[in-house]
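Encoded as C-alpha coordinates, the structure appears first; notes follow it.
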Amino acid sequence: MSTEKLDGVIVATALPYAEDPAAPAGLRPDLDRYAEHCRWLVANGCRGVGPNGSLGEYSSLTDAERRAVARTAIEAVGDNGIVVVGVHGVGAHQARHWAELAAEDGAHGVLCLPPTMYRANPGEVLHHFREVAKAGLPIMVYNNPIDTKVDLTPALLAEIAQIEHVVAVKEFSGDVRRVLEIREQAPELTVVAGADDVVLESLLMGATGWFAGFPNVFPAESARLYDLATQGKLAEARALYEPLVAAFRWDSRTEFVQAIKYGMDHVGRYGGPCRPPRGPLSPEQLDRLRADMTRAVDSLRAA
(Lines give C-alpha, C1' and ligand atoms only; values in the text may rest on other atoms or scores of the structure.)
Protein backbone atom coordinates (compact mmCIF):
# COMPACT_ATOMS: atom_id res chain seq x y z
CA MET A 1 0.00 0.00 0.00
CA SER A 2 1.34 3.42 -0.94
CA THR A 3 2.27 5.89 1.78
CA GLU A 4 1.48 8.79 -0.57
CA LYS A 5 -1.54 10.66 0.80
CA LEU A 6 -2.16 12.98 -2.18
CA ASP A 7 -2.62 15.92 0.18
CA GLY A 8 -1.58 19.57 -0.08
CA VAL A 9 -2.57 21.98 -2.85
CA ILE A 10 -2.81 20.15 -6.16
CA VAL A 11 -4.00 22.32 -9.03
CA ALA A 12 -6.55 21.00 -11.50
CA THR A 13 -4.79 22.56 -14.43
CA ALA A 14 -6.52 24.48 -17.19
CA LEU A 15 -5.31 23.58 -20.68
CA PRO A 16 -4.20 26.30 -23.09
CA TYR A 17 -4.89 25.95 -26.81
CA ALA A 18 -3.32 27.39 -29.92
CA GLU A 19 -5.31 28.05 -33.07
CA ASP A 20 -4.82 25.28 -35.62
CA PRO A 21 -7.31 24.70 -38.47
CA ALA A 22 -6.27 21.03 -38.64
CA ALA A 23 -7.07 20.34 -34.97
CA PRO A 24 -10.46 19.48 -33.48
CA ALA A 25 -12.59 22.65 -33.25
CA GLY A 26 -9.63 24.53 -34.74
CA LEU A 27 -7.70 24.38 -31.45
CA ARG A 28 -4.74 22.19 -30.50
CA PRO A 29 -3.31 21.83 -26.99
CA ASP A 30 -0.39 24.23 -26.62
CA LEU A 31 1.93 21.85 -24.79
CA ASP A 32 4.83 24.28 -24.47
CA ARG A 33 2.62 26.86 -22.81
CA TYR A 34 1.05 24.15 -20.67
CA ALA A 35 4.46 22.93 -19.46
CA GLU A 36 5.38 26.48 -18.47
CA HIS A 37 2.12 26.82 -16.58
CA CYS A 38 2.71 23.60 -14.63
CA ARG A 39 6.21 24.74 -13.66
CA TRP A 40 4.86 28.17 -12.63
CA LEU A 41 2.24 26.66 -10.34
CA VAL A 42 4.77 24.50 -8.49
CA ALA A 43 7.29 27.35 -8.32
CA ASN A 44 4.59 29.46 -6.63
CA GLY A 45 4.07 27.04 -3.76
CA CYS A 46 1.55 24.47 -4.99
CA ARG A 47 2.44 20.86 -4.25
CA GLY A 48 1.53 19.53 -7.65
CA VAL A 49 -0.72 19.53 -10.67
CA GLY A 50 -3.65 17.49 -11.94
CA PRO A 51 -3.86 17.19 -15.72
CA ASN A 52 -6.90 15.81 -17.55
CA GLY A 53 -9.55 16.79 -15.06
CA SER A 54 -12.82 18.50 -15.91
CA LEU A 55 -11.05 21.86 -15.84
CA GLY A 56 -8.49 20.39 -18.23
CA GLU A 57 -11.32 19.57 -20.68
CA TYR A 58 -10.29 15.91 -20.83
CA SER A 59 -13.59 14.86 -22.40
CA SER A 60 -12.96 17.17 -25.37
CA LEU A 61 -9.51 15.73 -26.13
CA THR A 62 -8.54 12.95 -28.49
CA ASP A 63 -6.88 9.94 -26.86
CA ALA A 64 -3.50 10.99 -28.23
CA GLU A 65 -3.93 14.53 -26.92
CA ARG A 66 -5.01 13.29 -23.51
CA ARG A 67 -1.90 11.19 -23.06
CA ALA A 68 0.35 13.95 -24.39
CA VAL A 69 -1.07 16.39 -21.84
CA ALA A 70 -0.37 13.98 -18.97
CA ARG A 71 3.16 13.31 -20.19
CA THR A 72 3.81 17.04 -20.56
CA ALA A 73 2.79 17.70 -16.95
CA ILE A 74 4.92 14.83 -15.62
CA GLU A 75 7.98 15.98 -17.53
CA ALA A 76 7.46 19.65 -16.66
CA VAL A 77 7.08 19.09 -12.91
CA GLY A 78 9.88 16.56 -12.66
CA ASP A 79 11.10 16.09 -9.10
CA ASN A 80 9.71 19.44 -7.94
CA GLY A 81 6.15 18.29 -7.25
CA ILE A 82 3.60 15.56 -7.80
CA VAL A 83 1.31 14.86 -10.75
CA VAL A 84 -2.14 13.33 -10.21
CA VAL A 85 -3.57 12.40 -13.60
CA GLY A 86 -7.30 12.33 -14.28
CA VAL A 87 -8.27 8.85 -15.49
CA HIS A 88 -12.03 9.27 -15.74
CA GLY A 89 -13.85 6.85 -18.01
CA VAL A 90 -17.31 5.62 -18.89
CA GLY A 91 -16.41 2.08 -17.90
CA ALA A 92 -13.97 0.40 -15.55
CA HIS A 93 -11.91 -0.93 -18.45
CA GLN A 94 -11.43 2.59 -19.81
CA ALA A 95 -10.50 4.15 -16.47
CA ARG A 96 -8.09 1.29 -15.78
CA HIS A 97 -6.50 1.81 -19.20
CA TRP A 98 -5.83 5.47 -18.45
CA ALA A 99 -4.50 4.58 -15.00
CA GLU A 100 -2.10 2.05 -16.50
CA LEU A 101 -0.84 4.66 -18.97
CA ALA A 102 -0.40 7.14 -16.10
CA ALA A 103 1.67 4.59 -14.21
CA GLU A 104 3.75 3.87 -17.29
CA ASP A 105 4.38 7.58 -17.80
CA GLY A 106 5.52 8.20 -14.22
CA ALA A 107 2.53 9.82 -12.52
CA HIS A 108 2.45 9.95 -8.72
CA GLY A 109 -1.27 9.17 -8.48
CA VAL A 110 -4.59 9.30 -10.27
CA LEU A 111 -7.88 11.13 -9.81
CA CYS A 112 -10.90 9.03 -10.75
CA LEU A 113 -14.63 9.66 -10.93
CA PRO A 114 -17.07 6.78 -10.69
CA PRO A 115 -18.34 5.71 -14.13
CA THR A 116 -19.16 8.79 -16.18
CA MET A 117 -22.37 9.10 -18.23
CA TYR A 118 -23.93 6.22 -16.26
CA ARG A 119 -25.66 6.29 -12.89
CA ALA A 120 -23.75 3.36 -11.39
CA ASN A 121 -24.99 1.44 -8.36
CA PRO A 122 -22.71 0.82 -5.33
CA GLY A 123 -21.55 -2.57 -6.59
CA GLU A 124 -20.59 -1.11 -9.96
CA VAL A 125 -18.78 1.78 -8.26
CA LEU A 126 -16.72 -0.62 -6.17
CA HIS A 127 -15.88 -2.70 -9.25
CA HIS A 128 -14.82 0.47 -11.08
CA PHE A 129 -12.30 1.47 -8.43
CA ARG A 130 -11.03 -2.10 -7.93
CA GLU A 131 -10.15 -2.19 -11.61
CA VAL A 132 -8.39 1.19 -11.49
CA ALA A 133 -6.43 0.01 -8.44
CA LYS A 134 -4.86 -2.75 -10.56
CA ALA A 135 -2.63 -0.10 -12.13
CA GLY A 136 -0.87 0.20 -8.77
CA LEU A 137 -0.93 3.98 -8.33
CA PRO A 138 -2.36 5.86 -5.34
CA ILE A 139 -5.98 6.75 -6.11
CA MET A 140 -7.93 9.86 -5.21
CA VAL A 141 -11.58 9.00 -5.78
CA TYR A 142 -13.69 11.94 -6.86
CA ASN A 143 -17.15 12.56 -5.48
CA ASN A 144 -19.03 14.87 -7.84
CA PRO A 145 -22.71 13.91 -7.52
CA ILE A 146 -23.75 17.03 -9.40
CA ASP A 147 -22.25 15.85 -12.69
CA THR A 148 -22.13 12.06 -12.30
CA LYS A 149 -25.45 11.58 -10.47
CA VAL A 150 -23.54 9.13 -8.27
CA ASP A 151 -23.00 10.15 -4.64
CA LEU A 152 -20.00 8.65 -2.89
CA THR A 153 -21.54 8.92 0.56
CA PRO A 154 -19.39 8.52 3.66
CA ALA A 155 -20.80 5.01 4.09
CA LEU A 156 -19.88 4.05 0.53
CA LEU A 157 -16.47 5.68 0.90
CA ALA A 158 -15.85 3.48 3.94
CA GLU A 159 -16.19 0.49 1.58
CA ILE A 160 -14.15 2.09 -1.20
CA ALA A 161 -11.38 2.87 1.32
CA GLN A 162 -10.82 -0.85 1.79
CA ILE A 163 -9.61 -1.15 -1.83
CA GLU A 164 -5.85 -1.30 -2.07
CA HIS A 165 -4.24 1.96 -3.28
CA VAL A 166 -7.30 4.14 -2.57
CA VAL A 167 -5.80 6.85 -0.36
CA ALA A 168 -7.92 10.02 -0.77
CA VAL A 169 -11.26 11.46 -1.75
CA LYS A 170 -11.88 14.72 -3.56
CA GLU A 171 -15.14 15.87 -2.01
CA PHE A 172 -17.20 18.12 -4.29
CA SER A 173 -20.71 17.76 -2.92
CA GLY A 174 -20.45 21.24 -1.38
CA ASP A 175 -21.66 19.87 1.96
CA VAL A 176 -18.91 20.63 4.46
CA ARG A 177 -20.59 18.30 6.97
CA ARG A 178 -19.19 15.49 4.86
CA VAL A 179 -15.62 16.21 5.97
CA LEU A 180 -16.19 15.04 9.53
CA GLU A 181 -18.48 12.20 8.43
CA ILE A 182 -15.79 10.86 6.10
CA ARG A 183 -13.12 11.21 8.77
CA GLU A 184 -15.33 9.24 11.14
CA GLN A 185 -16.32 6.47 8.73
CA ALA A 186 -13.15 6.23 6.61
CA PRO A 187 -10.40 7.64 8.84
CA GLU A 188 -7.64 6.25 6.64
CA LEU A 189 -8.65 8.49 3.71
CA THR A 190 -7.18 11.90 3.04
CA VAL A 191 -10.12 14.28 2.67
CA VAL A 192 -9.48 16.74 -0.14
CA ALA A 193 -11.50 19.93 -0.59
CA GLY A 194 -12.87 19.83 -4.11
CA ALA A 195 -14.86 23.06 -4.32
CA ASP A 196 -12.93 26.32 -4.04
CA ASP A 197 -15.79 28.23 -2.43
CA VAL A 198 -15.87 25.97 0.65
CA VAL A 199 -12.14 25.32 0.91
CA LEU A 200 -11.53 27.21 4.15
CA GLU A 201 -14.52 25.60 5.82
CA SER A 202 -13.34 22.17 4.67
CA LEU A 203 -9.77 22.68 5.83
CA LEU A 204 -10.92 23.90 9.24
CA MET A 205 -12.99 20.72 9.61
CA GLY A 206 -9.96 18.53 8.95
CA ALA A 207 -9.47 18.25 5.20
CA THR A 208 -5.75 18.09 4.49
CA GLY A 209 -5.80 18.54 0.73
CA TRP A 210 -7.22 20.94 -1.84
CA PHE A 211 -7.65 19.84 -5.45
CA ALA A 212 -8.15 23.27 -6.75
CA GLY A 213 -9.28 25.38 -9.69
CA PHE A 214 -8.57 29.02 -8.89
CA PRO A 215 -4.93 28.43 -7.93
CA ASN A 216 -4.49 28.49 -11.73
CA VAL A 217 -5.03 32.21 -11.19
CA PHE A 218 -3.68 32.76 -7.66
CA PRO A 219 -1.18 29.97 -6.86
CA ALA A 220 1.00 31.68 -4.25
CA GLU A 221 -1.99 33.18 -2.45
CA SER A 222 -3.80 29.84 -2.51
CA ALA A 223 -0.78 28.05 -1.07
CA ARG A 224 -0.66 30.67 1.69
CA LEU A 225 -4.38 30.23 2.39
CA TYR A 226 -3.86 26.48 2.71
CA ASP A 227 -0.94 26.98 5.09
CA LEU A 228 -2.83 29.45 7.28
CA ALA A 229 -5.88 27.19 7.48
CA THR A 230 -3.98 24.01 8.26
CA GLN A 231 -1.94 25.87 10.91
CA GLY A 232 -5.14 27.09 12.58
CA LYS A 233 -4.47 30.78 11.89
CA LEU A 234 -8.14 31.53 11.39
CA ALA A 235 -8.13 35.33 11.50
CA GLU A 236 -5.40 35.60 8.87
CA ALA A 237 -6.99 32.88 6.75
CA ARG A 238 -10.40 34.60 6.80
CA ALA A 239 -8.90 37.96 5.90
CA LEU A 240 -7.28 36.41 2.84
CA TYR A 241 -10.21 34.16 1.89
CA GLU A 242 -13.30 36.34 2.19
CA PRO A 243 -12.48 38.80 -0.64
CA LEU A 244 -11.66 35.84 -2.90
CA VAL A 245 -14.84 33.82 -2.33
CA ALA A 246 -16.95 35.63 -4.92
CA ALA A 247 -14.41 34.63 -7.57
CA PHE A 248 -14.02 31.14 -6.08
CA ARG A 249 -17.79 30.54 -6.42
CA TRP A 250 -17.31 30.33 -10.18
CA ASP A 251 -15.51 27.02 -9.58
CA SER A 252 -18.89 25.48 -8.70
CA ARG A 253 -20.81 26.89 -11.68
CA THR A 254 -21.49 25.32 -15.05
CA GLU A 255 -19.11 27.76 -16.76
CA PHE A 256 -16.21 27.15 -14.36
CA VAL A 257 -13.71 26.35 -17.14
CA GLN A 258 -14.45 29.56 -19.03
CA ALA A 259 -14.44 31.55 -15.78
CA ILE A 260 -11.08 30.27 -14.57
CA LYS A 261 -9.51 30.79 -17.97
CA TYR A 262 -10.89 34.34 -17.94
CA GLY A 263 -9.37 34.79 -14.49
CA MET A 264 -5.99 33.75 -15.83
CA ASP A 265 -6.29 36.30 -18.64
CA HIS A 266 -7.41 38.92 -16.12
CA VAL A 267 -4.20 38.63 -14.08
CA GLY A 268 -1.90 38.59 -17.10
CA ARG A 269 -1.51 34.84 -17.55
CA TYR A 270 -2.93 32.97 -20.56
CA GLY A 271 -6.27 31.24 -20.24
CA GLY A 272 -7.57 31.50 -23.75
CA PRO A 273 -10.46 29.72 -25.45
CA CYS A 274 -12.21 26.44 -24.70
CA ARG A 275 -13.24 23.60 -26.96
CA PRO A 276 -16.91 22.71 -27.39
CA PRO A 277 -19.26 22.10 -25.73
CA ARG A 278 -18.05 25.09 -23.73
CA GLY A 279 -19.16 28.33 -25.32
CA PRO A 280 -18.52 31.99 -24.53
CA LEU A 281 -19.76 33.64 -21.39
CA SER A 282 -22.73 35.96 -21.79
CA PRO A 283 -22.22 39.73 -21.40
CA GLU A 284 -24.02 39.56 -18.04
CA GLN A 285 -21.77 36.74 -16.84
CA LEU A 286 -18.67 38.60 -17.99
CA ASP A 287 -19.72 41.72 -16.10
CA ARG A 288 -20.26 39.74 -12.92
CA LEU A 289 -17.06 37.75 -13.29
CA ARG A 290 -15.04 40.88 -14.03
CA ALA A 291 -16.37 42.50 -10.85
CA ASP A 292 -15.60 39.40 -8.77
CA MET A 293 -12.08 39.17 -10.17
CA THR A 294 -11.46 42.89 -9.67
CA ARG A 295 -12.46 42.61 -6.02
CA ALA A 296 -10.14 39.66 -5.54
CA VAL A 297 -7.17 41.30 -7.24
CA ASP A 298 -7.70 44.61 -5.44
CA SER A 299 -7.78 42.86 -2.06
CA LEU A 300 -4.55 41.01 -2.78
CA ARG A 301 -2.83 44.20 -3.92
CA ALA A 302 -3.97 46.03 -0.81
CA ALA A 303 -2.65 43.22 1.39
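Chain labels run A, B, ... following the order of the C-alpha coordinates; each chain numbers its residues from 1, and ligands are numbered from 1 in the order shown.
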Which of segment 43-208 of chain A fall in strand (DSSP E or B), as a PyMOL selection string: chain A and resi 48-50+82-86+109-112+139-143+166-171+190-193
Spatial neighbours of Arg301 of chain A, 12 Å, only C-alpha atoms, chain gap at least 2 places, as a list in words: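 Contacts, in chain order: Glu221, Leu240, Pro243, Val267, Thr294, Arg295, Ala296, Val297, Asp298, Ser299 and Ala303 of chain A.
By only C-alpha atoms, and with residues fewer than 2 positions from Gly86 of chain A along its chain excluded, the set lying at most 7 Å from it is Gly50, Pro51, Asn52, Gly53, Val84, His88, Val110, Leu111 and Cys112 of chain A.
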Create the file for the chosen residues now, containing N, CA, C and O atoms and written as a PDB file, in the first residue's frame.
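File written: part05.pdb
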ATOM      1  N   GLY A  50      -2.747  18.560 -11.541  1.00  0.00           N
ATOM      2  CA  GLY A  50      -3.647  17.494 -11.940  1.00  0.00           C
ATOM      3  C   GLY A  50      -4.108  17.683 -13.371  1.00  0.00           C
ATOM      4  O   GLY A  50      -5.104  18.374 -13.615  1.00  0.00           O
ATOM      5  N   PRO A  51      -3.401  17.095 -14.336  1.00  0.00           N
ATOM      6  CA  PRO A  51      -3.859  17.192 -15.724  1.00  0.00           C
ATOM      7  C   PRO A  51      -5.061  16.299 -15.989  1.00  0.00           C
ATOM      8  O   PRO A  51      -5.321  15.330 -15.267  1.00  0.00           O
ATOM      9  N   ASN A  52      -5.792  16.632 -17.036  1.00  0.00           N
ATOM     10  CA  ASN A  52      -6.896  15.807 -17.549  1.00  0.00           C
ATOM     11  C   ASN A  52      -8.047  15.658 -16.566  1.00  0.00           C
ATOM     12  O   ASN A  52      -8.685  14.609 -16.489  1.00  0.00           O
ATOM     13  N   GLY A  53      -8.322  16.721 -15.833  1.00  0.00           N
ATOM     14  CA  GLY A  53      -9.552  16.792 -15.060  1.00  0.00           C
ATOM     15  C   GLY A  53     -10.622  17.503 -15.869  1.00  0.00           C
ATOM     16  O   GLY A  53     -10.433  17.822 -17.047  1.00  0.00           O
ATOM     17  N   VAL A  84      -1.005  14.231 -10.438  1.00  0.00           N
ATOM     18  CA  VAL A  84      -2.139  13.334 -10.213  1.00  0.00           C
ATOM     19  C   VAL A  84      -3.018  13.413 -11.461  1.00  0.00           C
ATOM     20  O   VAL A  84      -3.710  14.406 -11.676  1.00  0.00           O
ATOM     21  N   HIS A  88     -10.599   9.494 -15.690  1.00  0.00           N
ATOM     22  CA  HIS A  88     -12.032   9.275 -15.740  1.00  0.00           C
ATOM     23  C   HIS A  88     -12.426   8.520 -17.011  1.00  0.00           C
ATOM     24  O   HIS A  88     -11.875   8.771 -18.091  1.00  0.00           O
ATOM     25  N   VAL A 110      -3.514   9.034  -9.320  1.00  0.00           N
ATOM     26  CA  VAL A 110      -4.594   9.302 -10.275  1.00  0.00           C
ATOM     27  C   VAL A 110      -5.818   9.834  -9.544  1.00  0.00           C
ATOM     28  O   VAL A 110      -6.050   9.525  -8.374  1.00  0.00           O
ATOM     29  N   LEU A 111      -6.575  10.641 -10.258  1.00  0.00           N
ATOM     30  CA  LEU A 111      -7.879  11.129  -9.811  1.00  0.00           C
ATOM     31  C   LEU A 111      -8.931  10.422 -10.646  1.00  0.00           C
ATOM     32  O   LEU A 111      -8.830  10.392 -11.878  1.00  0.00           O
ATOM     33  N   CYS A 112      -9.943   9.846  -9.997  1.00  0.00           N
ATOM     34  CA  CYS A 112     -10.898   9.034 -10.747  1.00  0.00           C
ATOM     35  C   CYS A 112     -12.323   9.234 -10.259  1.00  0.00           C
ATOM     36  O   CYS A 112     -12.628   9.011  -9.083  1.00  0.00           O
TER      37      CYS A 112
END
7 Å contact set for Thr148 of chain A, only C-alpha atoms, chain neighbours under 3 positions out, as number ranges by chain: A: 116-117, 119, 144-145
Residues within 9 Å of Thr13 of chain A, only C-alpha atoms, excluding chain neighbours under 6 positions, as a PyMOL selection string: chain A and resi 34+37-38+49-53+55-56+212-213+215-216
Would you save the residues from that selection as an mmCIF file, in the first residue's frame, using N, CA and C atoms?
data_model
loop_
_atom_site.group_PDB
_atom_site.id
_atom_site.type_symbol
_atom_site.label_atom_id
_atom_site.label_comp_id
_atom_site.auth_asym_id
_atom_site.auth_seq_id
_atom_site.Cartn_x
_atom_site.Cartn_y
_atom_site.Cartn_z
ATOM 1 N N TYR A 34 1.554 24.933 -21.789
ATOM 2 C CA TYR A 34 1.049 24.145 -20.665
ATOM 3 C C TYR A 34 2.186 23.726 -19.734
ATOM 4 N N HIS A 37 3.131 26.567 -17.613
ATOM 5 C CA HIS A 37 2.117 26.816 -16.582
ATOM 6 C C HIS A 37 2.285 25.847 -15.411
ATOM 7 N N CYS A 38 2.505 24.584 -15.702
ATOM 8 C CA CYS A 38 2.712 23.599 -14.628
ATOM 9 C C CYS A 38 3.925 23.965 -13.774
ATOM 10 N N VAL A 49 0.264 19.199 -9.653
ATOM 11 C CA VAL A 49 -0.722 19.529 -10.674
ATOM 12 C C VAL A 49 -1.543 18.292 -11.025
ATOM 13 N N GLY A 50 -2.747 18.560 -11.541
ATOM 14 C CA GLY A 50 -3.647 17.494 -11.940
ATOM 15 C C GLY A 50 -4.108 17.683 -13.371
ATOM 16 N N PRO A 51 -3.401 17.095 -14.336
ATOM 17 C CA PRO A 51 -3.859 17.192 -15.724
ATOM 18 C C PRO A 51 -5.061 16.299 -15.989
ATOM 19 N N ASN A 52 -5.792 16.632 -17.036
ATOM 20 C CA ASN A 52 -6.896 15.807 -17.549
ATOM 21 C C ASN A 52 -8.047 15.658 -16.566
ATOM 22 N N GLY A 53 -8.322 16.721 -15.833
ATOM 23 C CA GLY A 53 -9.552 16.792 -15.060
ATOM 24 C C GLY A 53 -10.622 17.503 -15.869
ATOM 25 N N LEU A 55 -11.571 20.547 -15.490
ATOM 26 C CA LEU A 55 -11.049 21.858 -15.838
ATOM 27 C C LEU A 55 -10.064 21.761 -16.998
ATOM 28 N N GLY A 56 -9.399 20.623 -17.123
ATOM 29 C CA GLY A 56 -8.491 20.394 -18.233
ATOM 30 C C GLY A 56 -9.173 19.913 -19.496
ATOM 31 N N ALA A 212 -7.668 21.916 -6.648
ATOM 32 C CA ALA A 212 -8.153 23.267 -6.748
ATOM 33 C C ALA A 212 -8.212 23.796 -8.164
ATOM 34 N N GLY A 213 -9.148 24.737 -8.397
ATOM 35 C CA GLY A 213 -9.283 25.385 -9.689
ATOM 36 C C GLY A 213 -8.660 26.763 -9.751
ATOM 37 N N PRO A 215 -6.387 28.273 -7.977
ATOM 38 C CA PRO A 215 -4.931 28.432 -7.934
ATOM 39 C C PRO A 215 -4.271 28.516 -9.313
ATOM 40 N N ASN A 216 -4.988 28.159 -10.394
ATOM 41 C CA ASN A 216 -4.486 28.486 -11.726
ATOM 42 C C ASN A 216 -4.292 29.983 -11.883
#
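Among the candidate residues A:Arg183, A:Arg224, A:Arg278, A:Lys5, the one lying nearest to Pro138 of chain A is A:Lys5, with distances computed using only C-alpha atoms.
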Separation of atom CA of His165 of chain A from atom CA of Ser2 of chain A in Å: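 Atom-to-atom, atom CA of Ser2 of chain A to atom CA of His165 of chain A, that is 6.2 Å.
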Residue contacts of segment 20-25 of chain A (9 Å, only C-alpha atoms) excluding same-chain residues fewer than 4 positions away, as a VMD selection string: chain A and resid 29 60 to 62 275 to 276
Residues of segment 11-245 of chain A in alpha helix (DSSP H), written as a VMD selection string: chain A and resid 31 to 43 63 to 77 92 to 105 122 to 133 145 to 148 154 to 160 177 to 185 199 to 204 219 to 230 234 to 241 245
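Near Asp32 of chain A, within 12 Å and counting only C-alpha atoms, sit A:Leu15, A:Pro16, A:Tyr17, A:Ala18, A:His37, A:Cys38, A:Arg39, A:Ala68, A:Val69, A:Arg71, A:Thr72, A:Ala73, A:Glu75, A:Ala76, not including residues fewer than 5 positions from it in the same chain.
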Counting only C-alpha atoms, the residue of A:Val176, A:Ala64, A:Ala247, A:Ala107 that sits nearest Arg28 of chain A: A:Ala64
How close does each residue of segment 139-186 of chain A get to segment 250-263 of chain A, giving the shortest atom pair and distance in Å to one decimal for every residue with an atom at most 10 Å away, counting only C-alpha atoms, sorted by chain and residue number, as a tab-separated table?
residue	atom	partner	partner_atom	distance
A:Ile146	CA	A:Ser252	CA	9.8
A:Asp147	CA	A:Thr254	CA	9.8
A:Phe172	CA	A:Ser252	CA	8.7
A:Ser173	CA	A:Ser252	CA	9.8
A:Gly174	CA	A:Ser252	CA	8.6
Counting only C-alpha atoms, the residue of A:Lys134, A:His266, A:His97, A:Arg288 that sits nearest Phe218 of chain A: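 Looking only at the distances to Phe218 of chain A, the closest residue turns out to be A:His266.
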